[in-house]
Each structure stands twice: as structure tokens, then as C-alpha cells.
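What's in input.pdb: PDB, C-alpha atoms, pLDDT in the B column
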ATOM      1  CA  MET K   1      -8.362  12.267  10.314  1.00 40.00           C
ATOM      2  CA  ASP K   2      -6.602  14.213  13.024  1.00 45.00           C
ATOM      3  CA  HIS K   3      -6.874  17.961  12.390  1.00 47.00           C
ATOM      4  CA  ALA K   4      -3.967  20.376  12.585  1.00 46.00           C
ATOM      5  CA  ASP K   5      -1.757  19.863  15.597  1.00 49.00           C
ATOM      6  CA  HIS K   6      -0.671  23.384  16.479  1.00 51.00           C
ATOM      7  CA  ASN K   7       2.507  22.019  18.108  1.00 53.00           C
ATOM      8  CA  GLU K   8       3.875  20.977  14.689  1.00 62.00           C
ATOM      9  CA  ALA K   9       6.532  23.224  13.206  1.00 69.00           C
ATOM     10  CA  ALA K  10       5.213  25.242  10.281  1.00 73.00           C
ATOM     11  CA  ARG K  11       7.041  24.744   6.976  1.00 76.00           C
ATOM     12  CA  ARG K  12       7.597  27.404   4.340  1.00 82.00           C
ATOM     13  CA  VAL K  13       6.197  26.231   1.005  1.00 85.00           C
ATOM     14  CA  GLN K  14       6.528  28.241  -2.181  1.00 87.00           C
ATOM     15  CA  ILE K  15       4.816  27.215  -5.416  1.00 88.00           C
ATOM     16  CA  THR K  16       5.494  29.093  -8.633  1.00 89.00           C
ATOM     17  CA  ALA K  17       3.085  27.939 -11.336  1.00 86.00           C
ATOM     18  CA  ARG K  18       3.579  28.787 -14.996  1.00 85.00           C
ATOM     19  CA  GLY K  19       1.356  27.254 -17.640  1.00 82.00           C
ATOM     20  CA  GLY K  20       1.249  23.516 -17.141  1.00 80.00           C
ATOM     21  CA  ARG K  21       4.166  23.231 -14.728  1.00 83.00           C
ATOM     22  CA  ALA K  22       5.023  24.344 -11.237  1.00 86.00           C
ATOM     23  CA  ASP K  23       8.228  24.775  -9.241  1.00 88.00           C
ATOM     24  CA  ILE K  24       7.868  23.767  -5.597  1.00 87.00           C
ATOM     25  CA  GLU K  25      10.189  24.672  -2.729  1.00 87.00           C
ATOM     26  CA  ILE K  26       9.895  23.462   0.869  1.00 84.00           C
ATOM     27  CA  ASP K  27      11.867  25.528   3.394  1.00 83.00           C
ATOM     28  CA  GLY K  28      13.963  26.878   0.498  1.00 85.00           C
ATOM     29  CA  ALA K  29      14.843  23.428  -0.883  1.00 84.00           C
ATOM     30  CA  ARG K  30      13.593  22.830  -4.406  1.00 87.00           C
ATOM     31  CA  VAL K  31      11.557  19.658  -4.968  1.00 83.00           C
ATOM     32  CA  ASP K  32      12.434  17.623  -8.074  1.00 81.00           C
ATOM     33  CA  SER K  33       9.702  18.471 -10.600  1.00 76.00           C
ATOM     34  CA  GLY K  34       9.423  14.799 -11.578  1.00 78.00           C
ATOM     35  CA  ALA K  35       8.781  13.742  -7.976  1.00 80.00           C
ATOM     36  CA  VAL K  36       5.377  15.434  -7.719  1.00 82.00           C
ATOM     37  CA  LYS K  37       2.576  14.705 -10.177  1.00 82.00           C
ATOM     38  CA  ALA K  38       0.018  17.082  -8.627  1.00 84.00           C
ATOM     39  CA  TYR K  39      -0.598  19.286  -5.620  1.00 84.00           C
ATOM     40  CA  THR K  40      -3.536  20.860  -3.817  1.00 86.00           C
ATOM     41  CA  VAL K  41      -3.603  23.797  -1.436  1.00 86.00           C
ATOM     42  CA  SER K  42      -6.389  24.316   1.095  1.00 86.00           C
ATOM     43  CA  HIS K  43      -6.976  26.622   4.020  1.00 84.00           C
ATOM     44  CA  PHE K  44      -9.919  26.580   6.395  1.00 86.00           C
ATOM     45  CA  ALA K  45     -10.566  29.512   8.735  1.00 86.00           C
ATOM     46  CA  GLY K  46      -8.936  28.947  12.101  1.00 82.00           C
ATOM     47  CA  GLU K  47      -6.623  26.205  10.819  1.00 82.00           C
ATOM     48  CA  ARG K  48      -3.185  26.175   9.267  1.00 80.00           C
ATOM     49  CA  PRO K  49      -2.973  26.113   5.486  1.00 83.00           C
ATOM     50  CA  GLU K  50      -2.294  22.656   4.076  1.00 83.00           C
ATOM     51  CA  VAL K  51      -0.384  21.657   0.957  1.00 84.00           C
ATOM     52  CA  LEU K  52      -0.933  18.131  -0.306  1.00 83.00           C
ATOM     53  CA  LEU K  53       1.735  16.802  -2.666  1.00 82.00           C
ATOM     54  CA  HIS K  54       0.700  13.860  -4.848  1.00 79.00           C
ATOM     55  CA  VAL K  55       3.972  11.984  -5.137  1.00 78.00           C
ATOM     56  CA  ALA K  56       4.916  10.397  -8.446  1.00 75.00           C
ATOM     57  CA  ASP K  57       6.243   6.848  -8.459  1.00 66.00           C
ATOM     58  CA  ARG K  58       9.923   7.774  -8.465  1.00 58.00           C
ATOM     59  CA  GLY K  59      12.289   5.161  -7.055  1.00 62.00           C
ATOM     60  CA  GLY K  60      15.316   7.474  -6.888  1.00 62.00           C
ATOM     61  CA  THR K  61      13.645  10.402  -5.128  1.00 58.00           C
ATOM     62  CA  GLN K  62      14.343  10.682  -1.422  1.00 62.00           C
ATOM     63  CA  TRP K  63      11.803  12.287   0.905  1.00 61.00           C
ATOM     64  CA  SER K  64      12.553  13.204   4.477  1.00 60.00           C
ATOM     65  CA  GLY K  65      10.819  15.141   7.218  1.00 58.00           C
ATOM     66  CA  MET K  66       7.522  14.947   9.014  1.00 56.00           C
ATOM     67  CA  ALA K  67       4.232  14.476   7.289  1.00 59.00           C
ATOM     68  CA  ARG K  68       0.696  13.672   8.205  1.00 59.00           C
ATOM     69  CA  VAL K  69      -0.403  10.811   6.009  1.00 56.00           C
ATOM     70  CA  ALA K  70      -3.994   9.897   5.225  1.00 54.00           C
ATOM     71  CA  VAL K  71      -4.977   6.919   3.133  1.00 54.00           C
ATOM     72  CA  ALA K  72      -8.324   7.019   1.406  1.00 56.00           C
ATOM     73  CA  ASP K  73     -10.127   4.497  -0.725  1.00 63.00           C
ATOM     74  CA  LEU K  74     -11.342   5.740  -4.081  1.00 68.00           C
ATOM     75  CA  PRO K  75     -15.127   5.710  -4.262  1.00 78.00           C
ATOM     76  CA  ASP K  76     -16.762   2.976  -6.322  1.00 85.00           C
ATOM     77  CA  PRO K  77     -17.824   4.666  -9.592  1.00 88.00           C
ATOM     78  CA  GLY K  78     -20.506   2.042 -10.255  1.00 91.00           C
ATOM     79  CA  PRO K  79     -23.439   3.659  -8.411  1.00 92.00           C
ATOM     80  CA  ALA K  80     -22.793   7.100  -9.934  1.00 91.00           C
ATOM     81  CA  ALA K  81     -22.405   5.552 -13.394  1.00 92.00           C
ATOM     82  CA  ALA K  82     -25.697   3.673 -12.944  1.00 94.00           C
ATOM     83  CA  VAL K  83     -27.523   6.894 -12.029  1.00 94.00           C
ATOM     84  CA  PHE K  84     -25.973   8.654 -15.046  1.00 94.00           C
ATOM     85  CA  LEU K  85     -26.896   5.836 -17.449  1.00 95.00           C
ATOM     86  CA  ASP K  86     -30.445   5.567 -16.062  1.00 96.00           C
ATOM     87  CA  ALA K  87     -30.972   9.223 -17.007  1.00 95.00           C
ATOM     88  CA  ILE K  88     -29.972   8.707 -20.658  1.00 96.00           C
ATOM     89  CA  ASP K  89     -32.742   8.858 -23.265  1.00 97.00           C
ATOM     90  CA  PRO K  90     -31.904   6.022 -25.718  1.00 97.00           C
ATOM     91  CA  GLU K  91     -33.424   7.890 -28.657  1.00 97.00           C
ATOM     92  CA  ALA K  92     -31.385  11.027 -27.889  1.00 97.00           C
ATOM     93  CA  LEU K  93     -28.220   8.929 -27.543  1.00 97.00           C
ATOM     94  CA  GLU K  94     -28.766   7.193 -30.881  1.00 97.00           C
ATOM     95  CA  ARG K  95     -29.555  10.505 -32.610  1.00 97.00           C
ATOM     96  CA  ALA K  96     -26.465  12.168 -31.165  1.00 97.00           C
ATOM     97  CA  ALA K  97     -24.200   9.217 -32.013  1.00 96.00           C
ATOM     98  CA  LEU K  98     -25.446   9.051 -35.607  1.00 96.00           C
ATOM     99  CA  ALA K  99     -24.864  12.796 -36.008  1.00 96.00           C
ATOM    100  CA  ARG K 100     -21.254  12.672 -34.770  1.00 96.00           C
ATOM    101  CA  PRO K 101     -18.706  13.768 -37.365  1.00 95.00           C
ATOM    102  CA  ASP K 102     -16.315  11.045 -36.159  1.00 94.00           C
ATOM    103  CA  LEU K 103     -18.827   8.223 -36.788  1.00 95.00           C
ATOM    104  CA  GLY K 104     -16.982   5.642 -38.851  1.00 92.00           C
ATOM    105  CA  THR K 105     -18.109   2.811 -41.108  1.00 94.00           C
ATOM    106  CA  GLU K 106     -16.027   0.025 -39.600  1.00 95.00           C
ATOM    107  CA  PRO K 107     -17.566  -2.683 -37.395  1.00 95.00           C
ATOM    108  CA  TYR K 108     -18.748  -1.424 -33.989  1.00 95.00           C
ATOM    109  CA  SER K 109     -18.412   2.224 -35.067  1.00 96.00           C
ATOM    110  CA  LEU K 110     -21.919   3.034 -33.795  1.00 96.00           C
ATOM    111  CA  THR K 111     -21.102   1.504 -30.408  1.00 96.00           C
ATOM    112  CA  LYS K 112     -17.846   3.471 -30.314  1.00 96.00           C
ATOM    113  CA  ALA K 113     -19.718   6.679 -31.226  1.00 96.00           C
ATOM    114  CA  MET K 114     -22.295   6.022 -28.478  1.00 97.00           C
ATOM    115  CA  LEU K 115     -19.581   5.436 -25.864  1.00 96.00           C
ATOM    116  CA  THR K 116     -17.762   8.576 -26.989  1.00 96.00           C
ATOM    117  CA  GLN K 117     -21.034  10.535 -26.808  1.00 96.00           C
ATOM    118  CA  LEU K 118     -21.741   9.223 -23.304  1.00 96.00           C
ATOM    119  CA  GLY K 119     -18.248  10.272 -22.257  1.00 95.00           C
ATOM    120  CA  ASP K 120     -18.796  13.736 -23.684  1.00 95.00           C
ATOM    121  CA  TRP K 121     -22.097  14.073 -21.829  1.00 95.00           C
ATOM    122  CA  ALA K 122     -20.486  12.835 -18.603  1.00 93.00           C
ATOM    123  CA  ARG K 123     -17.841  15.572 -18.924  1.00 90.00           C
ATOM    124  CA  GLY K 124     -20.520  18.167 -19.630  1.00 88.00           C
ATOM    125  CA  LEU K 125     -19.577  18.649 -23.278  1.00 86.00           C
TER     126      LEU K 125
END
Before we go any further, please render this structure as C-alpha cells.
Amino acid sequence: MDHADHNEAARRVQITARGGRADIEIDGARVDSGAVKAYTVSHFAGERPEVLLHVADRGGTQWSGMARVAVADLPDPGPAAAVFLDAIDPEALERAALARPDLGTEPYSLTKAMLTQLGDWARGL
């Protein structure tokens, strides 16, 4: 990816975050809150700050202006999942699943409890 071109015009970006929502303005123009599903802000020493807007799939929203666009492939989760699963102690998983308060009595409830437990462990819960 091409790093900051210092000949580009700097833009004024203001983000006002409150709770679970944020108001975003670019050069004083407010961005439709439904047009952006997420944003990230980064700044490395010696480079210009960068704001990355994750655009929502909005057919009616019009975007104009200059932007540097980078396309990235999402990493394959398979290898990381394999490493995670290889580290699981089957006895500990069964014990934890059987002790879950949400363990049901319907068919496949133990499998569901084990998958839920694995998800909890993957999220660090």
C-alpha cells in the first residue's frame, strides 16, 4: 500500500461519539449515520492521521471526493481454528458443557452446549 502522499489536501474530520453511535463530519459536511457502519482512526509518528470509514451497503448514499482505497482479503480462519481446537482438552470440554446452566434435554443439546462452550472459550469468557 502506498503510504501518505504529502501532496494530498488534508481533510477536516470530526467524530463525536456518544454511547453506541457517532456523528461524523468531513470538512463540515455531516455524513449520513446510516452510510457508515464502522470507523477506525490511526496515526503513526511522522505520518498524517488516517480515518477509515467502513461504508454500509446503502444504494442511495452518494460519496464524492478523493480517497485512497485498499482492498484486502480476509484471512482464512481455518488454520487458527485448527490450532485452537488442537489445544482443547476433551475431558475439560465435556465437563464444562455438562455443567452449563443452558444445557437442554432436546436432541443434540450436548453438542450445542459444547459448541457454545468452545465459542465462549474462543472469546476469552
Extract, using only C-alpha atoms, all DNA, RNA and protein residues at most 6 Å from Lys37 in chain K, discarding same-chain residues fewer than 2 positions from it, and format them as a short mmCIF file (atom, residue, chain, number, x, y, z; two decimals) with C-alpha atoms, keeping the file's coordinate frame.
data_model
loop_
_atom_site.label_atom_id
_atom_site.label_comp_id
_atom_site.auth_asym_id
_atom_site.auth_seq_id
_atom_site.Cartn_x
_atom_site.Cartn_y
_atom_site.Cartn_z
CA HIS K 54 0.70 13.86 -4.85
CA VAL K 55 3.97 11.98 -5.14
CA ALA K 56 4.92 10.40 -8.45
#
Between CA of Arg48 in chain K and CA of Ser33 in chain K, what is the distance in Å, rounded to a tenth?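 If I compute the distance from CA of Arg48 in chain K to CA of Ser33 in chain K, I get 24.9 Å.
We find CA of Leu53 in chain K and CA of Ala80 in chain K to be spaced 27.4 Å apart.
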Using all atoms listed in the file, which residues sit within 6 Å of range 109-114 of chain K once same-chain residues fewer than 5 positions away are excluded, as a PyMOL selection string? chain K and resi 97+103-104
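CA of Asp27 in chain K is positioned 4.8 Å from CA of Arg12 in chain K.
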Could you list, as a PyMOL selection string, every residue within 10 Å of Ala29 in chain K, counting all atoms listed in the file and ignoring same-chain residues fewer than 2 positions away? chain K and resi 12-14+24-27+31-32
May I have the residues from that selection written out with C-alpha atoms, as a PDB file, in the frame of the given file?
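The file below, selection-v4.pdb, is the result:
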ATOM      1  CA  ARG K  12       7.597  27.404   4.340  1.00 82.00           C
ATOM      2  CA  VAL K  13       6.197  26.231   1.005  1.00 85.00           C
ATOM      3  CA  GLN K  14       6.528  28.241  -2.181  1.00 87.00           C
ATOM      4  CA  ILE K  24       7.868  23.767  -5.597  1.00 87.00           C
ATOM      5  CA  GLU K  25      10.189  24.672  -2.729  1.00 87.00           C
ATOM      6  CA  ILE K  26       9.895  23.462   0.869  1.00 84.00           C
ATOM      7  CA  ASP K  27      11.867  25.528   3.394  1.00 83.00           C
ATOM      8  CA  VAL K  31      11.557  19.658  -4.968  1.00 83.00           C
ATOM      9  CA  ASP K  32      12.434  17.623  -8.074  1.00 81.00           C
TER      10      ASP K  32
END
I'd like the neighbourhood of Thr40 in chain K as a PyMOL selection string, where a residue qualifies if any of its atoms comes within 10 Å (using only C-alpha atoms), though same-chain residues fewer than 2 positions away should be ignored. chain K and resi 38+42+50-54
As a PDB file, in the coordinates of the input, please: range 23-35 of chain K completed to N, CA, C and O atoms.
ATOM      1  N   ASP K  23       7.016  24.988 -10.026  1.00 88.00           N
ATOM      2  CA  ASP K  23       8.228  24.775  -9.241  1.00 88.00           C
ATOM      3  C   ASP K  23       7.826  24.850  -7.776  1.00 88.00           C
ATOM      4  O   ASP K  23       7.131  25.784  -7.354  1.00 88.00           O
ATOM      5  N   ILE K  24       8.249  23.852  -7.003  1.00 87.00           N
ATOM      6  CA  ILE K  24       7.868  23.767  -5.597  1.00 87.00           C
ATOM      7  C   ILE K  24       9.124  23.783  -4.738  1.00 87.00           C
ATOM      8  O   ILE K  24      10.078  23.056  -5.015  1.00 87.00           O
ATOM      9  N   GLU K  25       9.104  24.619  -3.707  1.00 87.00           N
ATOM     10  CA  GLU K  25      10.189  24.672  -2.729  1.00 87.00           C
ATOM     11  C   GLU K  25       9.599  24.463  -1.345  1.00 87.00           C
ATOM     12  O   GLU K  25       8.538  25.011  -1.027  1.00 87.00           O
ATOM     13  N   ILE K  26      10.287  23.670  -0.529  1.00 84.00           N
ATOM     14  CA  ILE K  26       9.895  23.462   0.869  1.00 84.00           C
ATOM     15  C   ILE K  26      11.064  23.923   1.725  1.00 84.00           C
ATOM     16  O   ILE K  26      12.169  23.382   1.616  1.00 84.00           O
ATOM     17  N   ASP K  27      10.827  24.919   2.560  1.00 83.00           N
ATOM     18  CA  ASP K  27      11.867  25.528   3.394  1.00 83.00           C
ATOM     19  C   ASP K  27      13.099  25.895   2.573  1.00 83.00           C
ATOM     20  O   ASP K  27      14.232  25.683   2.989  1.00 83.00           O
ATOM     21  N   GLY K  28      12.873  26.429   1.355  1.00 85.00           N
ATOM     22  CA  GLY K  28      13.963  26.878   0.498  1.00 85.00           C
ATOM     23  C   GLY K  28      14.603  25.787  -0.340  1.00 85.00           C
ATOM     24  O   GLY K  28      15.410  26.084  -1.209  1.00 85.00           O
ATOM     25  N   ALA K  29      14.269  24.525  -0.098  1.00 84.00           N
ATOM     26  CA  ALA K  29      14.843  23.428  -0.883  1.00 84.00           C
ATOM     27  C   ALA K  29      13.895  23.076  -2.018  1.00 84.00           C
ATOM     28  O   ALA K  29      12.722  22.777  -1.787  1.00 84.00           O
ATOM     29  N   ARG K  30      14.416  23.119  -3.231  1.00 87.00           N
ATOM     30  CA  ARG K  30      13.593  22.830  -4.406  1.00 87.00           C
ATOM     31  C   ARG K  30      13.269  21.346  -4.474  1.00 87.00           C
ATOM     32  O   ARG K  30      14.118  20.496  -4.264  1.00 87.00           O
ATOM     33  N   VAL K  31      12.011  21.032  -4.803  1.00 83.00           N
ATOM     34  CA  VAL K  31      11.557  19.658  -4.968  1.00 83.00           C
ATOM     35  C   VAL K  31      11.706  19.281  -6.434  1.00 83.00           C
ATOM     36  O   VAL K  31      11.317  20.056  -7.321  1.00 83.00           O
ATOM     37  N   ASP K  32      12.276  18.109  -6.705  1.00 81.00           N
ATOM     38  CA  ASP K  32      12.434  17.623  -8.074  1.00 81.00           C
ATOM     39  C   ASP K  32      11.080  17.646  -8.765  1.00 81.00           C
ATOM     40  O   ASP K  32      10.109  17.073  -8.272  1.00 81.00           O
ATOM     41  N   SER K  33      10.985  18.320  -9.917  1.00 76.00           N
ATOM     42  CA  SER K  33       9.702  18.471 -10.600  1.00 76.00           C
ATOM     43  C   SER K  33       9.114  17.132 -11.023  1.00 76.00           C
ATOM     44  O   SER K  33       7.900  17.000 -11.158  1.00 76.00           O
ATOM     45  N   GLY K  34       9.929  16.110 -11.216  1.00 78.00           N
ATOM     46  CA  GLY K  34       9.423  14.799 -11.578  1.00 78.00           C
ATOM     47  C   GLY K  34       8.929  13.994 -10.386  1.00 78.00           C
ATOM     48  O   GLY K  34       8.342  12.929 -10.553  1.00 78.00           O
ATOM     49  N   ALA K  35       9.170  14.486  -9.175  1.00 80.00           N
ATOM     50  CA  ALA K  35       8.781  13.742  -7.976  1.00 80.00           C
ATOM     51  C   ALA K  35       7.340  14.010  -7.559  1.00 80.00           C
ATOM     52  O   ALA K  35       6.776  13.271  -6.766  1.00 80.00           O
TER      53      ALA K  35
END
